[in-house]
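J.: Input structure: final.cif, which contains mmCIF, C-alpha atoms.
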data_my_file
loop_
_atom_site.label_atom_id
_atom_site.label_comp_id
_atom_site.auth_asym_id
_atom_site.auth_seq_id
_atom_site.Cartn_x
_atom_site.Cartn_y
_atom_site.Cartn_z
CA PHE A 26 -16.26 1.99 5.30
CA ILE A 27 -13.84 -0.93 5.57
CA LEU A 28 -10.54 -0.12 3.84
CA ARG A 29 -8.53 -3.31 4.42
CA ILE A 30 -9.15 -6.84 5.72
CA LYS A 31 -6.54 -9.24 7.14
CA GLU A 32 -7.25 -12.79 8.32
CA ALA A 33 -5.58 -13.90 11.57
CA ALA A 34 -4.33 -17.40 12.35
CA ASP A 35 -7.41 -18.06 14.51
CA GLY A 36 -9.75 -17.33 11.60
CA THR A 37 -10.94 -13.94 12.84
CA LEU A 38 -10.71 -10.90 10.57
CA TRP A 39 -8.96 -7.64 11.37
CA LEU A 40 -10.64 -4.72 9.62
CA ALA A 41 -9.10 -1.28 9.06
CA SER A 42 -11.91 1.24 8.78
CA LEU A 43 -12.57 4.81 7.71
CA GLY A 44 -13.16 6.64 10.98
CA GLY A 45 -14.40 3.60 12.89
CA GLY A 46 -11.11 2.35 14.31
CA LEU A 47 -9.73 -1.18 14.20
CA LEU A 48 -12.33 -3.96 14.18
CA ASN A 49 -12.03 -7.66 14.93
CA TYR A 50 -14.77 -9.85 13.46
CA ASN A 51 -15.39 -13.51 14.21
CA PRO A 52 -17.18 -15.09 11.19
CA GLU A 53 -18.26 -18.13 13.22
CA THR A 54 -19.91 -16.32 16.13
CA GLY A 55 -20.66 -12.98 14.49
CA ALA A 56 -18.92 -11.17 17.35
CA LEU A 57 -17.49 -7.77 16.48
CA LYS A 58 -15.14 -5.79 18.71
CA THR A 59 -13.82 -2.27 18.13
CA TYR A 60 -10.44 -0.88 19.19
CA LYS A 61 -9.42 2.78 19.10
CA ASP A 62 -6.08 4.30 20.03
CA ASN A 63 -5.52 7.23 22.37
CA ILE A 64 -2.35 8.52 20.71
CA ILE A 65 -3.91 11.95 20.18
CA ALA A 66 -6.57 12.83 22.75
CA GLY A 67 -9.26 15.47 22.53
CA ALA A 68 -10.75 17.15 19.49
CA ASN A 69 -7.89 16.11 17.19
CA HIS A 70 -8.61 12.39 17.46
CA ASP A 71 -8.99 10.49 14.20
CA TYR A 72 -9.77 6.81 14.01
CA THR A 73 -9.19 6.23 10.32
CA TYR A 74 -6.90 3.23 9.85
CA LEU A 75 -5.81 2.82 6.24
CA CYS A 76 -4.25 -0.65 6.31
CA VAL A 77 -3.37 -3.49 8.66
CA GLU A 78 -0.78 -6.29 8.60
CA ILE A 79 -0.04 -9.06 11.10
CA LEU A 80 3.58 -9.36 12.25
CA LYS A 81 5.34 -12.56 13.29
CA ASP A 82 4.89 -11.84 17.00
CA GLY A 83 1.14 -11.45 16.53
CA LYS A 84 1.09 -7.67 16.79
CA LEU A 85 -0.60 -5.59 14.11
CA MET A 86 1.07 -2.89 12.05
CA ILE A 87 -1.45 -0.18 11.22
CA GLY A 88 -1.31 2.77 8.87
CA THR A 89 -3.12 5.94 9.90
CA GLN A 90 -3.96 9.25 8.28
CA LYS A 91 -2.72 11.62 10.98
CA LYS A 92 -0.66 9.63 13.50
CA GLY A 93 1.88 7.87 11.33
CA MET A 94 2.36 4.15 11.90
CA LEU A 95 0.98 2.31 14.93
CA LEU A 96 1.47 -1.08 16.54
CA PHE A 97 -1.46 -2.82 18.20
CA ASP A 98 -0.96 -5.68 20.66
CA PRO A 99 -4.12 -7.85 20.63
CA PHE A 100 -3.08 -9.51 23.90
CA THR A 101 -2.76 -6.29 25.92
CA GLU A 102 -5.09 -4.29 23.63
CA ASN A 103 -2.61 -1.40 23.64
CA PHE A 104 -1.58 0.89 20.79
CA THR A 105 1.92 2.38 20.46
CA THR A 106 3.53 4.59 17.83
CA PHE A 107 5.89 2.82 15.44
CA ASN A 108 7.39 5.33 13.06
CA PRO A 109 10.69 4.71 11.22
CA PRO A 110 13.75 6.69 12.33
CA PHE A 111 14.63 9.86 10.42
CA THR A 112 10.98 10.66 9.69
CA SER A 113 9.79 14.13 10.65
CA LYS A 114 7.53 14.45 13.70
CA THR A 115 5.58 17.16 11.86
CA ASP A 116 5.38 15.16 8.61
CA LEU A 117 4.62 11.61 9.68
CA PRO A 118 4.42 8.88 7.04
CA ILE A 119 0.88 8.09 5.90
CA LEU A 120 1.07 4.31 5.55
CA ARG A 121 -1.43 3.28 2.85
CA THR A 122 -0.52 -0.31 2.03
CA ILE A 123 1.65 -3.19 3.28
CA PHE A 124 2.84 -6.14 1.21
CA THR A 125 4.70 -9.15 2.65
CA ASP A 126 6.89 -10.96 0.13
CA LYS A 127 7.87 -14.66 0.11
CA ASN A 128 10.98 -13.89 2.18
CA GLY A 129 8.90 -12.31 4.94
CA LEU A 130 10.02 -8.77 4.15
CA LYS A 131 7.39 -6.08 4.66
CA TRP A 132 7.12 -3.46 1.89
CA LEU A 133 5.38 -0.31 3.06
CA GLY A 134 3.68 2.11 0.67
CA THR A 135 3.47 5.62 2.10
CA ASP A 136 2.68 9.21 1.30
CA ASN A 137 5.66 11.58 1.65
CA TYR A 138 8.25 8.81 2.12
CA GLY A 139 7.57 6.55 -0.88
CA LEU A 140 8.46 2.87 -0.62
CA ILE A 141 9.97 1.53 2.61
CA LYS A 142 11.36 -1.95 3.31
CA PHE A 143 10.88 -3.26 6.85
CA GLU A 144 12.97 -6.20 8.10
CA GLU A 145 10.95 -7.37 11.06
CA GLU A 146 13.52 -9.45 12.94
CA ALA A 147 16.23 -6.77 12.70
CA ASN A 148 13.68 -3.96 13.23
CA LYS A 149 15.32 -2.20 10.28
CA PHE A 150 13.79 0.28 7.82
CA THR A 151 15.25 1.04 4.40
CA PHE A 152 13.90 3.94 2.34
CA TYR A 153 13.46 3.85 -1.44
CA ASN A 154 11.68 7.16 -1.72
CA LYS A 155 12.92 8.83 -4.88
CA LEU A 156 12.45 7.97 -8.53
CA GLU A 157 15.81 9.46 -9.34
CA LYS A 158 16.12 8.06 -12.86
CA VAL A 159 12.47 8.65 -13.66
CA SER A 160 11.27 11.94 -12.24
CA LEU A 161 14.37 13.94 -11.34
CA GLY A 162 14.35 13.00 -7.68
CA ARG A 163 10.77 14.00 -6.85
CA TYR A 164 9.21 12.33 -3.85
CA PHE A 165 6.19 10.17 -4.64
CA ASN A 166 3.26 8.48 -2.90
CA VAL A 167 2.64 4.72 -2.98
CA SER A 168 -0.95 3.47 -3.01
CA TRP A 169 -0.53 -0.25 -3.73
CA ILE A 170 2.16 -2.96 -4.06
CA CYS A 171 1.83 -6.17 -6.07
CA PRO A 172 4.32 -8.99 -6.87
CA ASP A 173 5.35 -9.61 -10.49
CA SER A 174 4.82 -13.29 -11.37
CA LYS A 175 7.37 -13.09 -14.18
CA ASP A 176 10.22 -12.09 -11.85
CA THR A 177 10.20 -12.62 -8.06
CA SER A 178 12.73 -9.81 -7.61
CA ILE A 179 10.25 -7.27 -9.05
CA LEU A 180 7.42 -5.43 -7.32
CA LEU A 181 4.73 -3.60 -9.25
CA VAL A 182 4.12 -0.33 -7.40
CA ALA A 183 1.15 2.00 -7.88
CA THR A 184 2.30 5.59 -7.28
CA SER A 185 1.21 9.18 -7.73
CA ASN A 186 3.74 9.32 -10.58
CA GLY A 187 2.40 6.29 -12.45
CA LEU A 188 2.97 2.55 -12.41
CA THR A 189 6.49 1.64 -11.41
CA SER A 190 8.38 -1.65 -11.37
CA PHE A 191 10.81 -1.84 -8.44
CA ASN A 192 13.79 -4.20 -8.47
CA LYS A 193 14.37 -5.52 -4.94
CA SER A 194 17.84 -6.75 -5.89
CA ASN A 195 19.33 -3.37 -6.83
CA GLY A 196 16.76 -0.86 -5.56
CA GLU A 197 16.11 0.61 -9.00
CA TYR A 198 12.82 1.75 -10.52
CA GLU A 199 11.44 1.67 -14.03
CA ASN A 200 8.32 3.69 -14.83
CA TYR A 201 5.41 2.86 -17.11
CA GLN A 202 4.05 6.08 -18.66
CA LEU A 203 0.33 5.90 -19.45
CA TYR A 204 -1.25 8.27 -21.93
CA THR A 205 -4.78 8.27 -23.34
CA GLU A 206 -6.06 10.27 -26.27
CA VAL A 207 -8.92 12.64 -25.41
CA ASN A 208 -10.38 14.91 -28.11
CA GLY A 209 -7.24 14.68 -30.19
CA THR A 210 -4.85 15.45 -27.32
CA TYR A 211 -3.06 13.19 -24.87
CA ASP A 212 -4.23 13.19 -21.26
CA ASN A 213 -1.70 11.91 -18.72
CA ASN A 214 -3.50 9.69 -16.18
CA ASN A 215 -0.56 8.71 -14.04
CA PHE A 216 -2.07 8.70 -10.55
CA ILE A 217 -2.41 4.95 -9.92
CA LEU A 218 -4.48 3.83 -6.92
CA SER A 219 -4.26 0.03 -7.19
CA VAL A 220 -2.56 -2.67 -9.24
CA ILE A 221 -2.96 -6.42 -9.71
CA GLU A 222 -1.71 -9.03 -12.19
CA ASP A 223 -4.07 -11.63 -13.68
CA ARG A 224 -3.36 -15.27 -14.54
CA LEU A 225 -2.31 -14.37 -18.08
CA GLY A 226 0.27 -11.84 -16.91
CA SER A 227 -1.70 -8.74 -17.83
CA ILE A 228 -1.53 -5.84 -15.38
CA TRP A 229 -4.75 -4.18 -14.24
CA LEU A 230 -4.66 -0.65 -12.82
CA GLY A 231 -7.21 1.29 -10.81
CA THR A 232 -6.86 5.02 -11.53
CA LYS A 233 -8.74 8.25 -10.93
CA SER A 234 -10.21 7.99 -14.43
CA GLY A 235 -11.09 4.29 -14.62
CA ILE A 236 -9.44 0.91 -15.18
CA TYR A 237 -6.42 0.24 -17.39
CA LYS A 238 -5.28 -3.16 -18.64
CA ILE A 239 -1.67 -3.52 -19.79
CA ASN A 240 -1.10 -6.48 -22.10
CA ARG A 241 2.62 -7.16 -21.75
CA ILE A 242 2.67 -9.62 -24.65
CA LYS A 243 1.13 -7.26 -27.21
CA TYR A 244 2.49 -4.10 -25.54
CA ALA A 245 -1.05 -2.72 -25.66
CA ILE A 246 -3.18 -0.75 -23.20
CA ASP A 247 -6.96 -1.17 -22.96
CA ILE A 248 -9.04 1.42 -21.10
CA TYR A 249 -12.26 0.71 -19.25
CA MET A 250 -13.72 4.00 -18.05
CA ALA A 251 -15.42 4.05 -14.66
CA PRO A 252 -17.73 6.68 -13.15
CA SER A 253 -15.36 7.31 -10.22
CA GLU A 254 -11.88 6.49 -9.07
CA VAL A 255 -10.98 2.83 -8.56
CA ASN A 256 -9.24 2.34 -5.22
CA GLU A 257 -8.81 -1.41 -5.20
CA LEU A 258 -8.79 -4.34 -7.62
CA GLY A 259 -9.56 -7.96 -6.74
CA LYS A 260 -7.72 -11.01 -7.99
CA ALA A 261 -8.48 -11.57 -11.67
#
Please render this file's structure as structure tokens.

T.:
Amino acid sequence: FILRIKEAADGTLWLASLGGGLLNYNPETGALKTYKDNIIAGANHDYTYLCVEILKDGKLMIGTQKKGMLLFDPFTENFTTFNPPFTSKTDLPILRTIFTDKNGLKWLGTDNYGLIKFEEEANKFTFYNKLEKVSLGRYFNVSWICPDSKDTSILLVATSNGLTSFNKSNGEYENYQLYTEVNGTYDNNNFILSVIEDRLGSIWLGTKSGIYKINRIKYAIDIYMAPSEVNELGKA
């Protein structure tokens, strides 16, 4: 399974896979090369890479399931650990998604540590890992990050506590609570796996119970049930 795809400047594709390591595919020649780290040797090895992003120096930032965050140098073909300071060695961040905004800032969506801002040139991490005004300070997991076309200072963040808008200017969150009526009662489907905005400004959500569409003009929610959870949405 291929979980994420990132195109490099030379036209090749970097693929983060489920258990198969990091792959580099050349669409012109059909050549495919596999890279696997040796951070944890022996029976505990795991080559599931959840996401990949290309940094300015050409290195790749990779999210893993058991080893935290890794850097891969395509020139030396070496992997190194790259975890933010103040994270626990026994509770490493599970990096699920990376979004680069127009200012070049990297926004990291993680399990256990929420949303993290990474300033590449300063090598600085800033944590925004609690929804203090929304959920009484509970930690939350981030599955997906999407820009808001209506306001460049806003990120739409898919979390285990629902859809959240994050203001980059002041670091504050605002939650969208989603409820659907099932057999006369309201079922809270707030575990959001992916989010994208279409050309008309509507927000589409992939959840464990199907697809939601939020019409921000009519303040209405449409529900499109799916047979299984929706992990990713394409550009509408």

J.: In Å, with one decimal, what is the gap from atom CA of Leu38 of chain A to atom CA of Asn51 of chain A?

T.: 6.5 Å

J.: Can you tell me which residues surround Thr37 of chain A at a distance of at most 7 Å, considering only C-alpha atoms, apart from same-chain residues fewer than 4 positions away, and format the answer as a PDB file with C-alpha atoms, in the frame of the given file?

T.:
ATOM      1  CA  GLU A  32      -7.250 -12.790   8.320  1.00  0.00           C
ATOM      2  CA  ALA A  33      -5.580 -13.900  11.570  1.00  0.00           C
ATOM      3  CA  ASN A  49     -12.030  -7.660  14.930  1.00  0.00           C
ATOM      4  CA  TYR A  50     -14.770  -9.850  13.460  1.00  0.00           C
ATOM      5  CA  ASN A  51     -15.390 -13.510  14.210  1.00  0.00           C
ATOM      6  CA  PRO A  52     -17.180 -15.090  11.190  1.00  0.00           C
TER       7      PRO A  52
END

J.: So how far away is atom CA of Asp136 of chain A from atom CA of Ser168 of chain A, in Å?

T.: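 Distance reported for this atom pair: 8.0 Å.
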
J.: Which residues match the PyMOL selection byres ((chain A and resi 84) around 8) in the file above, as a list in words?

T.: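 Applied to this file, the PyMOL selection byres ((chain A and resi 84) around 8) returns Ile79, Leu80, Lys81, Asp82, Gly83, Leu85, Met86, Leu96, Phe97, Asp98 and Pro99 of chain A.
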
J.: For the PyMOL selection byres ((chain A and resi 71) around 12), applied here, can you spell out every residue it catches as JSON, numbers by chain?

T.: {"A": [42, 43, 44, 45, 46, 47, 61, 62, 63, 64, 65, 66, 67, 68, 69, 70, 72, 73, 74, 75, 89, 90, 91, 92, 93]}

J.: Quick check, in Å to one decimal: how far apart do atom CA of Cys171 of chain A and atom CA of Glu144 of chain A lie?

T.: 18.0 Å

J.: Would you kindly translate the PyMOL selection byres ((chain A and resi 221) around 12) into the concrete residues it picks from this file, as an NGL selection string?

T.: :A and (169-174 or 180-183 or 188 or 217-220 or 222-231 or 236-239 or 256-261)

J.: When you count all atoms listed in the file, which of these residues is closest to Ala41 of chain A: A:Gly88, A:Thr184, A:Leu57, A:Ile179?

T.: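 The shortest atom-to-atom distance to Ala41 of chain A comes from A:Gly88.
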